[in-house]
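See below for entry19.txt, which holds compact mmCIF, C-alpha atoms and all ligand atoms.
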```
# COMPACT_ATOMS: atom_id res chain seq x y z
CA MET A 1296 -127.67 101.37 237.25
CA THR A 1297 -124.62 101.20 239.48
CA ASN A 1298 -125.30 100.66 243.15
CA ASN A 1299 -123.54 102.46 245.95
CA SER A 1300 -121.05 99.78 246.90
CA ASP A 1301 -119.97 99.54 243.28
CA ASN A 1302 -119.57 103.30 243.17
CA ASN A 1303 -117.36 103.30 246.21
CA ARG A 1304 -115.00 100.54 245.20
CA GLU A 1305 -111.43 101.37 244.31
CA ARG A 1306 -111.11 102.09 240.61
CA LYS A 1307 -108.34 100.57 238.58
CA ALA A 1308 -106.63 102.00 235.53
CA VAL A 1309 -104.19 100.40 233.15
CA ALA A 1310 -101.56 102.72 231.71
CA LEU A 1311 -99.58 102.40 228.51
CA VAL A 1312 -96.05 102.82 229.81
CA SER A 1313 -93.41 103.53 227.20
CA GLY A 1314 -90.63 104.42 229.58
CA GLY A 1315 -90.67 108.12 228.73
CA LEU A 1316 -91.53 111.03 230.96
CA ASP A 1317 -95.05 111.63 229.67
CA SER A 1318 -96.51 108.28 230.61
CA MET A 1319 -94.72 108.54 233.95
CA LEU A 1320 -96.46 111.85 234.67
CA ALA A 1321 -99.82 110.59 233.47
CA VAL A 1322 -99.64 107.66 235.87
CA ARG A 1323 -98.65 109.85 238.80
CA LEU A 1324 -101.53 112.28 238.14
CA ILE A 1325 -104.01 109.43 238.25
CA GLN A 1326 -102.39 107.74 241.26
CA GLU A 1327 -102.80 111.04 243.09
CA GLN A 1328 -106.52 110.70 242.65
CA GLY A 1329 -106.55 107.45 244.57
CA ILE A 1330 -106.75 105.18 241.55
CA HIS A 1331 -104.89 101.85 241.49
CA VAL A 1332 -102.70 101.86 238.38
CA GLU A 1333 -100.80 99.07 236.65
CA GLY A 1334 -98.72 99.50 233.52
CA ILE A 1335 -98.56 97.70 230.21
CA ASN A 1336 -95.60 97.84 227.91
CA PHE A 1337 -95.72 96.32 224.46
CA PHE A 1338 -92.88 94.55 222.73
CA THR A 1339 -93.24 95.12 218.99
CA GLY A 1340 -89.78 93.96 217.91
CA PHE A 1341 -88.80 97.53 217.04
CA CYS A 1342 -88.52 98.85 220.58
CA VAL A 1343 -85.48 100.98 221.24
CA GLU A 1344 -84.78 99.17 224.49
CA GLY A 1345 -82.17 96.48 224.27
CA HIS A 1346 -81.40 95.55 220.70
CA THR A 1347 -78.05 96.98 219.74
CA HIS A 1348 -76.95 98.12 223.16
CA ALA A 1349 -76.56 94.60 224.31
CA ILE A 1350 -74.80 93.39 221.22
CA ARG A 1351 -71.90 95.74 220.91
CA LYS A 1352 -69.27 94.97 223.45
CA LYS A 1353 -68.19 98.56 223.80
CA ASP A 1354 -71.73 99.55 224.80
CA ARG A 1355 -71.83 97.10 227.65
CA ASP A 1356 -70.21 99.36 230.14
CA ARG A 1357 -72.80 102.07 229.68
CA PRO A 1358 -75.49 101.93 232.27
CA LYS A 1359 -78.43 100.47 230.50
CA ARG A 1360 -81.83 99.62 231.70
CA ASN A 1361 -85.28 98.96 230.44
CA ASN A 1362 -86.90 102.35 230.87
CA ALA A 1363 -90.41 101.00 231.21
CA LEU A 1364 -89.36 98.76 234.09
CA TRP A 1365 -87.44 101.57 235.67
CA VAL A 1366 -90.43 103.91 235.42
CA ALA A 1367 -92.71 101.28 236.92
CA GLU A 1368 -90.36 100.85 239.83
CA GLN A 1369 -90.23 104.61 240.45
CA LEU A 1370 -94.00 104.79 240.39
CA GLY A 1371 -94.47 101.69 242.51
CA ILE A 1372 -96.69 100.00 239.96
CA LYS A 1373 -96.72 96.56 238.40
CA LEU A 1374 -95.64 96.40 234.79
CA HIS A 1375 -96.86 93.77 232.36
CA ILE A 1376 -94.66 93.42 229.30
CA ILE A 1377 -96.59 91.89 226.46
CA ASP A 1378 -95.17 90.47 223.28
CA ILE A 1379 -97.33 91.67 220.38
CA SER A 1380 -94.63 91.27 217.76
CA GLU A 1381 -96.50 88.69 215.66
CA ASP A 1382 -99.75 90.61 215.28
CA TYR A 1383 -97.85 93.86 215.00
CA LYS A 1384 -96.44 92.81 211.63
CA ASP A 1385 -99.73 93.61 209.96
CA ILE A 1386 -99.57 97.15 211.38
CA VAL A 1387 -96.10 97.74 209.95
CA ILE A 1388 -96.84 96.07 206.64
CA ASN A 1389 -100.32 97.44 205.91
CA PRO A 1390 -100.99 100.57 207.94
CA LYS A 1391 -104.44 101.87 207.07
CA HIS A 1392 -103.37 105.41 207.86
CA GLY A 1393 -99.97 105.15 206.19
CA TYR A 1394 -96.52 105.98 207.48
CA GLY A 1395 -95.01 109.02 209.12
CA ALA A 1396 -91.70 110.56 208.03
CA ASN A 1397 -90.11 107.09 207.93
CA LEU A 1398 -91.66 103.63 208.13
CA ASN A 1399 -93.41 104.51 211.39
CA PRO A 1400 -97.13 103.70 211.25
CA CYS A 1401 -97.82 105.73 214.41
CA LEU A 1402 -101.55 106.21 214.09
CA ASP A 1403 -102.29 102.54 213.40
CA CYS A 1404 -99.75 101.55 216.02
CA LYS A 1405 -101.38 103.65 218.74
CA GLY A 1406 -104.83 102.36 217.85
CA PHE A 1407 -103.58 98.79 217.97
CA MET A 1408 -101.80 99.22 221.29
CA VAL A 1409 -104.80 100.86 222.91
CA HIS A 1410 -106.96 98.05 221.53
CA GLU A 1411 -104.64 95.43 223.03
CA ALA A 1412 -104.59 97.31 226.34
CA LEU A 1413 -108.39 97.42 226.28
CA LYS A 1414 -108.50 93.64 225.92
CA TRP A 1415 -106.14 93.29 228.87
CA MET A 1416 -108.24 95.75 230.88
CA GLN A 1417 -111.42 93.80 230.26
CA LYS A 1418 -109.80 90.46 231.05
CA HIS A 1419 -108.37 91.72 234.34
CA ASP A 1420 -111.40 93.68 235.39
CA PHE A 1421 -109.88 97.15 235.30
CA ASP A 1422 -112.04 100.22 234.74
CA PHE A 1423 -110.27 102.47 232.26
CA LEU A 1424 -107.13 103.18 230.25
CA ILE A 1425 -104.65 106.02 230.42
CA THR A 1426 -101.85 107.15 228.13
CA GLY A 1427 -99.26 109.91 228.38
CA GLU A 1428 -100.31 111.47 225.11
CA VAL A 1429 -100.09 115.23 224.74
CA MET A 1430 -102.10 117.02 222.11
CA GLY A 1431 -100.01 118.32 219.23
CA GLN A 1432 -96.83 116.68 220.39
CA ARG A 1433 -96.39 114.10 217.68
CA PRO A 1434 -97.13 114.89 214.05
CA MET A 1435 -99.17 111.79 213.35
CA SER A 1436 -100.86 110.16 216.31
CA GLN A 1437 -101.18 113.03 218.78
CA ARG A 1438 -103.08 115.66 216.84
CA LYS A 1439 -106.42 117.13 217.79
CA ASP A 1440 -108.02 115.39 214.83
CA THR A 1441 -106.23 112.03 215.23
CA MET A 1442 -106.58 111.51 218.96
CA PRO A 1443 -110.31 110.76 218.60
CA VAL A 1444 -109.42 108.32 215.80
CA VAL A 1445 -107.32 106.31 218.25
CA SER A 1446 -110.17 106.28 220.81
CA LYS A 1447 -112.63 105.16 218.18
CA GLU A 1448 -110.64 102.63 216.18
CA SER A 1449 -109.18 100.95 219.26
CA GLY A 1450 -112.68 100.35 220.54
CA ALA A 1451 -111.79 102.07 223.82
CA GLY A 1452 -114.05 105.07 223.16
CA ASP A 1453 -114.68 107.07 226.32
CA LEU A 1454 -112.72 104.64 228.47
CA LEU A 1455 -109.49 106.15 227.17
CA LEU A 1456 -108.29 109.04 229.31
CA ARG A 1457 -105.25 111.18 228.53
CA PRO A 1458 -104.55 112.91 231.85
CA LEU A 1459 -101.96 115.34 230.45
CA CYS A 1460 -104.36 116.93 227.97
CA ALA A 1461 -107.77 115.69 229.12
CA ARG A 1462 -109.17 119.19 229.57
CA LEU A 1463 -108.69 119.86 225.88
CA LEU A 1464 -110.71 116.78 224.97
CA PRO A 1465 -114.34 115.76 225.50
CA GLU A 1466 -115.17 114.32 228.91
CA THR A 1467 -114.51 110.61 229.26
CA LYS A 1468 -116.39 108.08 231.33
CA PRO A 1469 -113.95 108.15 234.29
CA GLU A 1470 -114.58 111.91 234.52
CA GLN A 1471 -118.33 111.67 234.01
CA GLU A 1472 -118.68 108.99 236.64
CA GLY A 1473 -116.58 110.95 239.10
CA TRP A 1474 -113.87 108.28 239.33
CA VAL A 1475 -111.40 111.06 238.56
CA ASP A 1476 -111.75 114.81 239.00
CA ARG A 1477 -111.46 116.54 235.65
CA ASP A 1478 -110.36 119.77 237.32
CA GLN A 1479 -107.20 118.10 238.48
CA LEU A 1480 -106.33 116.88 235.00
CA LEU A 1481 -104.22 118.97 232.65
CA ASP A 1482 -104.43 120.84 229.38
CA ILE A 1483 -100.92 120.50 228.00
CA SER A 1484 -100.51 120.87 224.25
CA GLY A 1485 -97.76 121.36 221.72
CA ARG A 1486 -94.16 120.36 221.40
CA ASN A 1487 -92.80 122.63 224.10
CA ARG A 1488 -91.89 120.33 226.95
CA LYS A 1489 -91.65 122.95 229.69
CA PRO A 1490 -94.93 121.99 231.40
CA GLN A 1491 -93.80 118.37 231.61
CA MET A 1492 -90.41 119.40 233.00
CA ALA A 1493 -92.09 121.56 235.63
CA LEU A 1494 -94.38 118.71 236.59
CA ALA A 1495 -91.44 116.29 236.77
CA LYS A 1496 -89.77 118.68 239.16
CA LYS A 1497 -92.88 118.94 241.27
CA TYR A 1498 -93.05 115.16 241.58
CA GLY A 1499 -89.33 114.85 242.23
CA PHE A 1500 -88.63 112.89 239.03
CA THR A 1501 -85.08 113.93 238.39
CA GLU A 1502 -83.98 111.24 236.00
CA TYR A 1503 -86.02 110.18 233.03
CA ALA A 1504 -85.66 109.08 229.44
CA GLN A 1505 -86.38 111.58 226.72
CA PRO A 1506 -86.95 109.66 223.53
CA ALA A 1507 -86.11 112.00 220.69
CA GLY A 1508 -88.14 111.04 217.64
CA GLY A 1509 -90.41 108.38 218.99
CA CYS A 1510 -90.51 105.20 220.91
CA CYS A 1511 -89.23 102.82 218.26
CA PHE A 1512 -86.69 102.21 215.52
CA LEU A 1513 -89.27 102.76 212.81
CA THR A 1514 -88.87 106.51 213.27
CA ASP A 1515 -85.17 106.17 212.45
CA ALA A 1516 -84.31 107.00 208.83
CA ASN A 1517 -81.37 104.57 208.56
CA TYR A 1518 -83.29 101.73 210.07
CA SER A 1519 -86.28 102.40 207.82
CA SER A 1520 -84.13 102.42 204.70
CA LYS A 1521 -82.71 99.01 205.63
CA LEU A 1522 -86.21 97.67 206.14
CA ALA A 1523 -87.30 99.17 202.80
CA ASP A 1524 -84.28 97.47 201.16
CA LEU A 1525 -85.32 94.14 202.65
CA TRP A 1526 -88.82 94.47 201.30
CA GLN A 1527 -87.63 95.55 197.90
CA ALA A 1528 -85.17 92.67 197.64
CA ARG A 1529 -87.80 90.12 198.65
CA GLY A 1530 -90.38 91.60 196.32
CA GLU A 1531 -92.92 91.65 199.14
CA LYS A 1532 -93.47 93.37 202.44
CA THR A 1533 -92.84 90.63 204.97
CA TYR A 1534 -90.44 90.09 207.83
CA GLU A 1535 -89.60 87.75 210.66
CA ILE A 1536 -88.35 88.89 214.05
CA ASP A 1537 -84.85 87.68 213.18
CA ASP A 1538 -84.86 89.94 210.11
CA ILE A 1539 -85.63 93.06 212.08
CA VAL A 1540 -83.10 92.23 214.76
CA MET A 1541 -80.47 91.75 212.07
CA LEU A 1542 -81.18 95.22 210.69
CA LYS A 1543 -79.56 96.57 213.85
CA VAL A 1544 -76.46 94.39 213.70
CA GLY A 1545 -73.37 94.79 211.56
CA ARG A 1546 -72.65 96.32 208.23
CA HIS A 1547 -75.11 95.40 205.51
CA LEU A 1548 -73.92 95.09 201.93
CA ARG A 1549 -76.15 94.06 199.07
CA PRO A 1550 -74.10 93.15 196.00
CA LYS A 1551 -77.17 91.69 194.23
CA PRO A 1552 -80.91 91.90 194.76
CA SER A 1553 -80.94 88.20 195.65
CA PHE A 1554 -78.72 88.37 198.73
CA LYS A 1555 -77.04 90.61 201.24
CA LEU A 1556 -74.16 90.15 203.63
CA ILE A 1557 -74.30 91.07 207.28
CA ILE A 1558 -70.75 91.62 208.48
CA ALA A 1559 -69.95 91.97 212.17
CA ARG A 1560 -68.24 95.23 213.10
CA GLU A 1561 -66.69 94.07 216.31
CA GLU A 1562 -66.36 91.25 218.78
CA GLY A 1563 -69.72 91.63 220.47
CA GLU A 1564 -71.47 91.47 217.10
CA THR A 1565 -69.31 88.51 216.04
CA ASN A 1566 -70.50 86.59 219.07
CA PHE A 1567 -74.07 87.58 218.48
CA LEU A 1568 -74.00 86.53 214.82
CA LYS A 1569 -72.38 83.23 215.71
CA GLY A 1570 -75.62 82.34 217.46
CA TYR A 1571 -77.37 82.49 214.07
CA ARG A 1572 -75.14 80.10 212.13
CA LYS A 1573 -77.86 77.47 211.97
CA LYS A 1574 -80.22 79.92 210.30
CA TYR A 1575 -77.91 81.58 207.78
CA ILE A 1576 -74.92 80.56 205.64
CA SER A 1577 -71.91 82.05 207.41
CA LEU A 1578 -68.42 83.03 206.38
CA ASN A 1579 -65.32 83.64 208.37
CA THR A 1580 -61.71 84.19 207.52
CA ILE A 1581 -59.28 81.42 208.48
CA SER A 1582 -55.86 82.61 207.36
CA HIS A 1583 -56.32 86.05 208.90
CA SER A 1584 -58.31 87.43 211.79
CA GLY A 1585 -61.58 88.93 210.69
CA PRO A 1586 -65.27 89.28 211.31
CA ILE A 1587 -67.97 86.70 210.86
CA ALA A 1588 -70.55 87.39 208.16
CA LEU A 1589 -73.98 85.95 207.47
CA ILE A 1590 -75.71 85.67 204.14
CA ASP A 1591 -79.34 86.61 203.95
CA GLY A 1592 -80.93 85.46 200.70
CA GLU A 1593 -80.17 83.02 197.90
CA THR A 1594 -76.66 82.44 196.59
CA ASP A 1595 -74.88 80.30 193.99
CA SER A 1596 -71.19 79.42 194.11
CA ASP A 1597 -70.13 82.61 192.27
CA ASP A 1598 -72.10 84.66 194.77
CA LEU A 1599 -70.39 82.85 197.64
CA GLU A 1600 -66.99 83.63 196.19
CA LEU A 1601 -67.94 87.26 195.83
CA ALA A 1602 -69.19 87.26 199.41
CA ALA A 1603 -65.94 85.68 200.58
CA ARG A 1604 -63.93 88.38 198.79
CA LEU A 1605 -65.99 91.03 200.58
CA VAL A 1606 -65.48 89.42 203.97
CA ALA A 1607 -61.75 89.21 203.21
CA ARG A 1608 -61.80 92.95 202.60
CA PHE A 1609 -62.93 93.50 206.19
CA SER A 1610 -60.32 91.13 207.65
CA SER A 1611 -56.74 91.84 208.63
CA GLY A 1612 -55.73 90.20 205.35
CA ARG A 1613 -57.24 92.95 203.24
CA GLU A 1614 -53.87 93.79 201.63
CA SER A 1615 -52.81 90.15 201.21
CA GLU A 1616 -52.73 88.34 197.92
CA PHE A 1617 -55.11 85.65 199.16
CA VAL A 1618 -57.29 85.13 202.16
CA ASN A 1619 -58.62 81.73 203.14
CA VAL A 1620 -62.32 81.88 203.97
CA GLU A 1621 -64.51 79.21 205.47
CA ILE A 1622 -68.03 78.99 204.08
CA ARG A 1623 -70.34 77.15 206.38
CA GLN A 1624 -73.78 75.89 205.43
CA LYS A 1625 -76.68 75.98 207.86
CA ASN A 1626 -76.28 72.24 208.49
CA GLY A 1627 -72.69 72.77 209.63
CA GLU A 1628 -70.98 71.47 206.48
CA SER A 1629 -68.20 73.75 205.45
CA LYS A 1630 -65.58 74.29 202.79
CA ASN A 1631 -62.65 76.63 202.56
CA ILE A 1632 -61.68 78.75 199.58
CA ASP A 1633 -58.81 81.10 198.83
CA VAL A 1634 -60.00 84.44 197.54
CA VAL A 1635 -58.51 87.77 196.50
CA PRO A 1636 -59.80 90.46 198.85
CA PHE A 1637 -61.76 93.28 197.26
CA ARG A 1638 -59.90 96.55 197.09
CA ALA A 1639 -61.69 99.40 198.84
CA ASP A 1640 -62.33 101.20 195.54
CA GLU A 1641 -63.81 98.06 194.00
CA ILE A 1642 -66.82 98.07 196.30
CA PRO A 1643 -69.57 100.22 194.79
CA GLN A 1644 -71.03 102.64 197.31
CA ASP A 1645 -74.55 101.54 196.52
CA TRP A 1646 -73.81 98.07 197.90
CA TYR A 1647 -73.90 99.58 201.36
CA VAL A 1648 -77.47 99.39 202.59
CA MET B 1056 -85.91 73.00 246.26
CA SER B 1057 -87.30 72.43 242.80
CA GLU B 1058 -85.47 74.30 240.10
CA GLN B 1059 -86.46 75.09 236.55
CA THR B 1060 -84.21 76.35 233.80
CA LEU B 1061 -85.08 78.95 231.18
CA ASP B 1062 -82.88 79.21 228.12
CA ALA B 1063 -83.05 82.84 227.00
CA ARG B 1064 -79.80 82.82 225.06
CA ASN B 1065 -79.62 84.98 221.96
CA LEU B 1066 -82.78 86.81 222.91
CA LEU B 1067 -82.53 90.55 223.19
CA CYS B 1068 -84.15 92.59 225.92
CA PRO B 1069 -86.94 92.76 226.79
CA LEU B 1070 -87.52 89.19 225.59
CA PRO B 1071 -85.60 87.53 228.45
CA VAL B 1072 -87.83 89.47 230.87
CA ILE B 1073 -90.97 88.50 228.97
CA LYS B 1074 -89.94 84.82 228.98
CA THR B 1075 -89.13 85.03 232.69
CA GLN B 1076 -92.47 86.69 233.41
CA ASP B 1077 -94.36 84.02 231.49
CA ARG B 1078 -92.48 81.16 233.15
CA VAL B 1079 -92.81 82.53 236.68
CA GLU B 1080 -96.54 82.90 236.18
CA ASN B 1081 -96.80 79.10 236.20
CA MET B 1082 -94.45 78.55 239.14
CA LYS B 1083 -95.16 78.39 242.85
CA PRO B 1084 -93.76 80.66 245.57
CA GLY B 1085 -90.42 79.36 246.82
CA GLU B 1086 -89.47 77.66 243.56
CA CYS B 1087 -86.22 78.54 241.88
CA LEU B 1088 -85.80 79.64 238.27
CA LYS B 1089 -82.41 79.61 236.59
CA ILE B 1090 -82.27 81.91 233.57
CA ILE B 1091 -79.44 81.64 231.08
CA CYS B 1092 -79.09 84.60 228.75
CA THR B 1093 -76.60 86.41 226.56
CA ASP B 1094 -78.05 89.94 226.56
CA HIS B 1095 -76.18 91.75 229.29
CA GLY B 1096 -79.14 94.09 229.72
CA ALA B 1097 -80.81 91.25 231.61
CA ILE B 1098 -78.44 91.92 234.51
CA ASN B 1099 -80.41 95.08 235.21
CA ASP B 1100 -83.78 94.17 233.81
CA ILE B 1101 -84.48 90.83 235.50
CA PRO B 1102 -83.64 92.17 238.99
CA ALA B 1103 -85.73 95.31 238.32
CA TRP B 1104 -88.65 93.18 237.22
CA SER B 1105 -88.15 90.92 240.26
CA ARG B 1106 -88.18 93.88 242.66
CA ILE B 1107 -91.49 95.05 241.21
CA TYR B 1108 -93.06 91.65 241.82
CA GLY B 1109 -91.30 90.71 245.02
CA HIS B 1110 -89.20 87.83 243.67
CA GLU B 1111 -85.80 87.34 245.20
CA ILE B 1112 -82.59 87.29 243.17
CA LEU B 1113 -80.40 84.52 244.52
CA SER B 1114 -77.37 85.01 242.33
CA ILE B 1115 -76.10 86.61 239.15
CA ASP B 1116 -73.17 84.89 237.55
CA GLU B 1117 -71.75 86.99 234.75
CA GLN B 1118 -69.40 85.14 232.47
CA GLU B 1119 -67.77 86.41 229.32
CA TYR B 1120 -70.77 85.78 227.07
CA GLU B 1121 -73.39 84.12 229.18
CA ILE B 1122 -75.15 85.28 232.27
CA VAL B 1123 -76.87 82.95 234.69
CA ILE B 1124 -79.44 84.51 236.98
CA LYS B 1125 -81.22 82.55 239.70
CA LEU B 1126 -84.38 83.82 241.29
CA ILE B 1127 -86.77 82.52 243.92
CA VAL B 1128 -90.41 83.09 243.15
CA GLY B 1129 -92.02 85.33 245.77
CA ASP B 1130 -95.57 85.31 247.11
CA LYS B 1131 -98.13 86.02 244.48
S1 LIG C 1701 -92.89 105.69 217.28
FE1 LIG C 1701 -93.11 103.48 216.88
S2 LIG C 1701 -93.98 102.62 218.78
FE2 LIG C 1701 -94.27 104.85 218.88
S3 LIG C 1701 -96.33 105.20 218.02
FE3 LIG C 1701 -94.88 105.42 216.32
S4 LIG C 1701 -94.78 103.39 215.38
FE4 LIG C 1701 -95.69 103.13 217.42
```
Would you encode the structure as structure tokens?
Ligand code: SF4
Amino acid sequence: MTNNSDNNRERKAVALVSGGLDSMLAVRLIQEQGIHVEGINFFTGFCVEGHTHAIRKKDRDRPKRNNALWVAEQLGIKLHIIDISEDYKDIVINPKHGYGANLNPCLDCKGFMVHEALKWMQKHDFDFLITGEVMGQRPMSQRKDTMPVVSKESGAGDLLLRPLCARLLPETKPEQEGWVDRDQLLDISGRNRKPQMALAKKYGFTEYAQPAGGCCFLTDANYSSKLADLWQARGEKTYEIDDIVMLKVGRHLRPKPSFKLIIAREEGETNFLKGYRKKYISLNTISHSGPIALIDGETDSDDLELAARLVARFSSGRESEFVNVEIRQKNGESKNIDVVPFRADEIPQDWYV
Amino acid sequence: MSEQTLDARNLLCPLPVIKTQDRVENMKPGECLKIICTDHGAINDIPAWSRIYGHEILSIDEQEYEIVIKLIVGDK
């Protein structure tokens, strides 16, 4: 039985903050009920924040910010960013509930994140969890039949409250115990975002991120096909964080199943890839200006020559008879070779990943 | 003033923030942390994170490819 003093103490909720409008609104709704809220944001390795924006030089001038941090600042809450990228691999590689339209394992992902948030909540003595989920908004994880799956499989059960659609769902513990007033929670459903816009206006949120397909790169068709190519080439579904970062950088060409080339598209990418020369064999043109390229996979000397000819194709010496290319091993040893650049029509389209 | 250095070069956001957060957790108020990074997003993100937690940004030195941010750990 809870005693009176326990009943009267300030309740604390931890919110999954993605950086989008929905979680922002969910937090505000709960703050309005006098609850202390702190946010959690998970780094999976596939987050849309950062990645490419920072690499390409031309993108640098665009105002960029971490939306989750920005949202936390607007709401006046603390934000804890937690790196779950190692454990998250298993979710991407073996999702129990399968993938969505691309390689996005949304249902497993949500369950895992809520589970991790629950662990944080218990460790820090918070009372319940909130998310910005809206019923029927996302095809996989936010359906009437899948929302209870997330509550159950995460282990959060009735400690998981979704303020934006709570009135469409069974009562949770925070409502039953009177920590929050169910009547002040909402019943938003569907993909129409008008109710959220109206609410944003009411709260004076004028600027907010509107993620189109989802909160991560796994919902992106191009990105997913590069990841699928990586798995196919390796003959197994595995990845390291460097692999998934690389999928966002440069042009990828796979002349053979055993290796692919990652060729920088501009200066910012060249500088970024240079930082990886101890982890990958790298090539760069010496006689002509050109991009740096990394080799991912296994190569013999014929493969390296072929790779050098491809890199030469993307250098300013593409029309020259020969281009001198430096091939540098991971240990820093290098040798130079003269190669004939590929002609544009000699590169099969299906080499482009 | 004691100063620690965090090498966050070649890490993409939000990793420089995560590394900063983890390092600051084990530092005392008043201590200085120098963060070296290459992701220009850190110029916005580390100050935003610092404002949320009440840490003070001492300087941001933006060079061509590297950025050096110094912060003073605030009261916890
Ligand atoms: S879009 Fe990505 S981060 Fe969001 S639920 Fe789906 S898999 Fe998880």
Neighbour list for B:Pro1069 as an MDAnalysis selection string, cut-off 12 Å, only C-alpha atoms, skip fewer than 4 positions in-chain = (chainID A and resid 1336:1346 1348:1349 1360:1364 1375:1378 1380) or (chainID B and resid 1063 1065 1073:1076 1092 1094:1101 1103:1104)
With C-alpha atoms retained, export the selected residues as a PDB file, keeping the file's coordinate frame.
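The file below, part09.pdb, is the result:
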```
ATOM      1  CA  ASN A1336     -95.600  97.840 227.910  1.00  0.00           C
ATOM      2  CA  PHE A1337     -95.720  96.320 224.460  1.00  0.00           C
ATOM      3  CA  PHE A1338     -92.880  94.550 222.730  1.00  0.00           C
ATOM      4  CA  THR A1339     -93.240  95.120 218.990  1.00  0.00           C
ATOM      5  CA  GLY A1340     -89.780  93.960 217.910  1.00  0.00           C
ATOM      6  CA  PHE A1341     -88.800  97.530 217.040  1.00  0.00           C
ATOM      7  CA  CYS A1342     -88.520  98.850 220.580  1.00  0.00           C
ATOM      8  CA  VAL A1343     -85.480 100.980 221.240  1.00  0.00           C
ATOM      9  CA  GLU A1344     -84.780  99.170 224.490  1.00  0.00           C
ATOM     10  CA  GLY A1345     -82.170  96.480 224.270  1.00  0.00           C
ATOM     11  CA  HIS A1346     -81.400  95.550 220.700  1.00  0.00           C
ATOM     12  CA  HIS A1348     -76.950  98.120 223.160  1.00  0.00           C
ATOM     13  CA  ALA A1349     -76.560  94.600 224.310  1.00  0.00           C
ATOM     14  CA  ARG A1360     -81.830  99.620 231.700  1.00  0.00           C
ATOM     15  CA  ASN A1361     -85.280  98.960 230.440  1.00  0.00           C
ATOM     16  CA  ASN A1362     -86.900 102.350 230.870  1.00  0.00           C
ATOM     17  CA  ALA A1363     -90.410 101.000 231.210  1.00  0.00           C
ATOM     18  CA  LEU A1364     -89.360  98.760 234.090  1.00  0.00           C
ATOM     19  CA  HIS A1375     -96.860  93.770 232.360  1.00  0.00           C
ATOM     20  CA  ILE A1376     -94.660  93.420 229.300  1.00  0.00           C
ATOM     21  CA  ILE A1377     -96.590  91.890 226.460  1.00  0.00           C
ATOM     22  CA  ASP A1378     -95.170  90.470 223.280  1.00  0.00           C
ATOM     23  CA  SER A1380     -94.630  91.270 217.760  1.00  0.00           C
TER      24      SER A1380
ATOM     25  CA  ALA B1063     -83.050  82.840 227.000  1.00  0.00           C
ATOM     26  CA  ASN B1065     -79.620  84.980 221.960  1.00  0.00           C
ATOM     27  CA  ILE B1073     -90.970  88.500 228.970  1.00  0.00           C
ATOM     28  CA  LYS B1074     -89.940  84.820 228.980  1.00  0.00           C
ATOM     29  CA  THR B1075     -89.130  85.030 232.690  1.00  0.00           C
ATOM     30  CA  GLN B1076     -92.470  86.690 233.410  1.00  0.00           C
ATOM     31  CA  CYS B1092     -79.090  84.600 228.750  1.00  0.00           C
ATOM     32  CA  ASP B1094     -78.050  89.940 226.560  1.00  0.00           C
ATOM     33  CA  HIS B1095     -76.180  91.750 229.290  1.00  0.00           C
ATOM     34  CA  GLY B1096     -79.140  94.090 229.720  1.00  0.00           C
ATOM     35  CA  ALA B1097     -80.810  91.250 231.610  1.00  0.00           C
ATOM     36  CA  ILE B1098     -78.440  91.920 234.510  1.00  0.00           C
ATOM     37  CA  ASN B1099     -80.410  95.080 235.210  1.00  0.00           C
ATOM     38  CA  ASP B1100     -83.780  94.170 233.810  1.00  0.00           C
ATOM     39  CA  ILE B1101     -84.480  90.830 235.500  1.00  0.00           C
ATOM     40  CA  ALA B1103     -85.730  95.310 238.320  1.00  0.00           C
ATOM     41  CA  TRP B1104     -88.650  93.180 237.220  1.00  0.00           C
TER      42      TRP B1104
END
```
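Note that atom CA of A:Tyr1534 and atom CA of A:Tyr1571 are 16.4 Å apart.
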May I have the protein, DNA and RNA residues with an atom at most 10 Å from (-90.9, 81.6, 237.2), counting only C-alpha atoms in the file's coordinates, returned as number ranges by chain?
-> B: 1058-1061, 1074-1090, 1110, 1126-1129
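For the atom pair formed by atom CA of A:Gly1545 and atom CA of A:Arg1604, the distance is 17.1 Å, given to one decimal.
For ligand LIG 1701 (chain C), the neighbouring protein, DNA and RNA residues, which are those within 7 Å when all atoms listed in the file are counted, are Cys1342, Asn1399, Pro1400, Cys1401, Leu1402, Cys1404, Lys1405, Ser1436, Gly1509, Cys1510, Cys1511, Phe1512, Leu1513 and Thr1514 of chain A.
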Skip A:Leu1398 itself and residues of its chain fewer than 3 positions away, then list as a PyMOL selection string all residues within 12 Å of it, counting only C-alpha atoms.
-> chain A and resi 1341+1386-1390+1392-1395+1401-1404+1509+1511-1524+1526+1532
Could you jot down the atom CA of A:Leu1605 to atom CA of A:Pro1636 separation for me, Å, one decimal place?
-> 6.5 Å
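Proximity to A:Ile1581 at 10 Å, evaluated using all atoms listed in the file and with sequence-adjacent residues fewer than 4 positions away removed, yields Gly1585, Ala1607, Ser1610, Gly1612, Val1618, Asn1619, Val1620, Glu1621, Asn1631, Ile1632 and Asp1633 of chain A.
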With a distance cut-off of 12 Å and all atoms listed in the file, select the neighbouring residues of A:Lys1574, excluding the residue or stretch itself and same-chain residues fewer than 5 positions from it, and output the selection as a PyMOL selection string.
-> chain A and resi 1537-1538+1541+1568-1569+1589-1592+1623-1627
May I ask which of the residues B:Ile1124, B:Ile1107, B:Ile1091, B:Met1056 is the closest one to chain A, counting only C-alpha atoms?
->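 Ranking B:Ile1124, B:Ile1107, B:Ile1091, B:Met1056 by distance to chain A, first place goes to B:Ile1107.
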Determine, counting all atoms listed in the file, which protein, DNA and RNA residues have an atom within 12 Å of an atom of A:His1419; residues of the same chain fewer than 2 positions away are not included. Present the result as a list of chain:residue names.
->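 Contacts, with the query itself left out: A:Lys1307, A:Ala1308, A:Val1309, A:Glu1333, A:His1375, A:Ala1412, A:Leu1413, A:Lys1414, A:Trp1415, A:Met1416, A:Gln1417, A:Phe1421, A:Asp1422, A:Phe1423.
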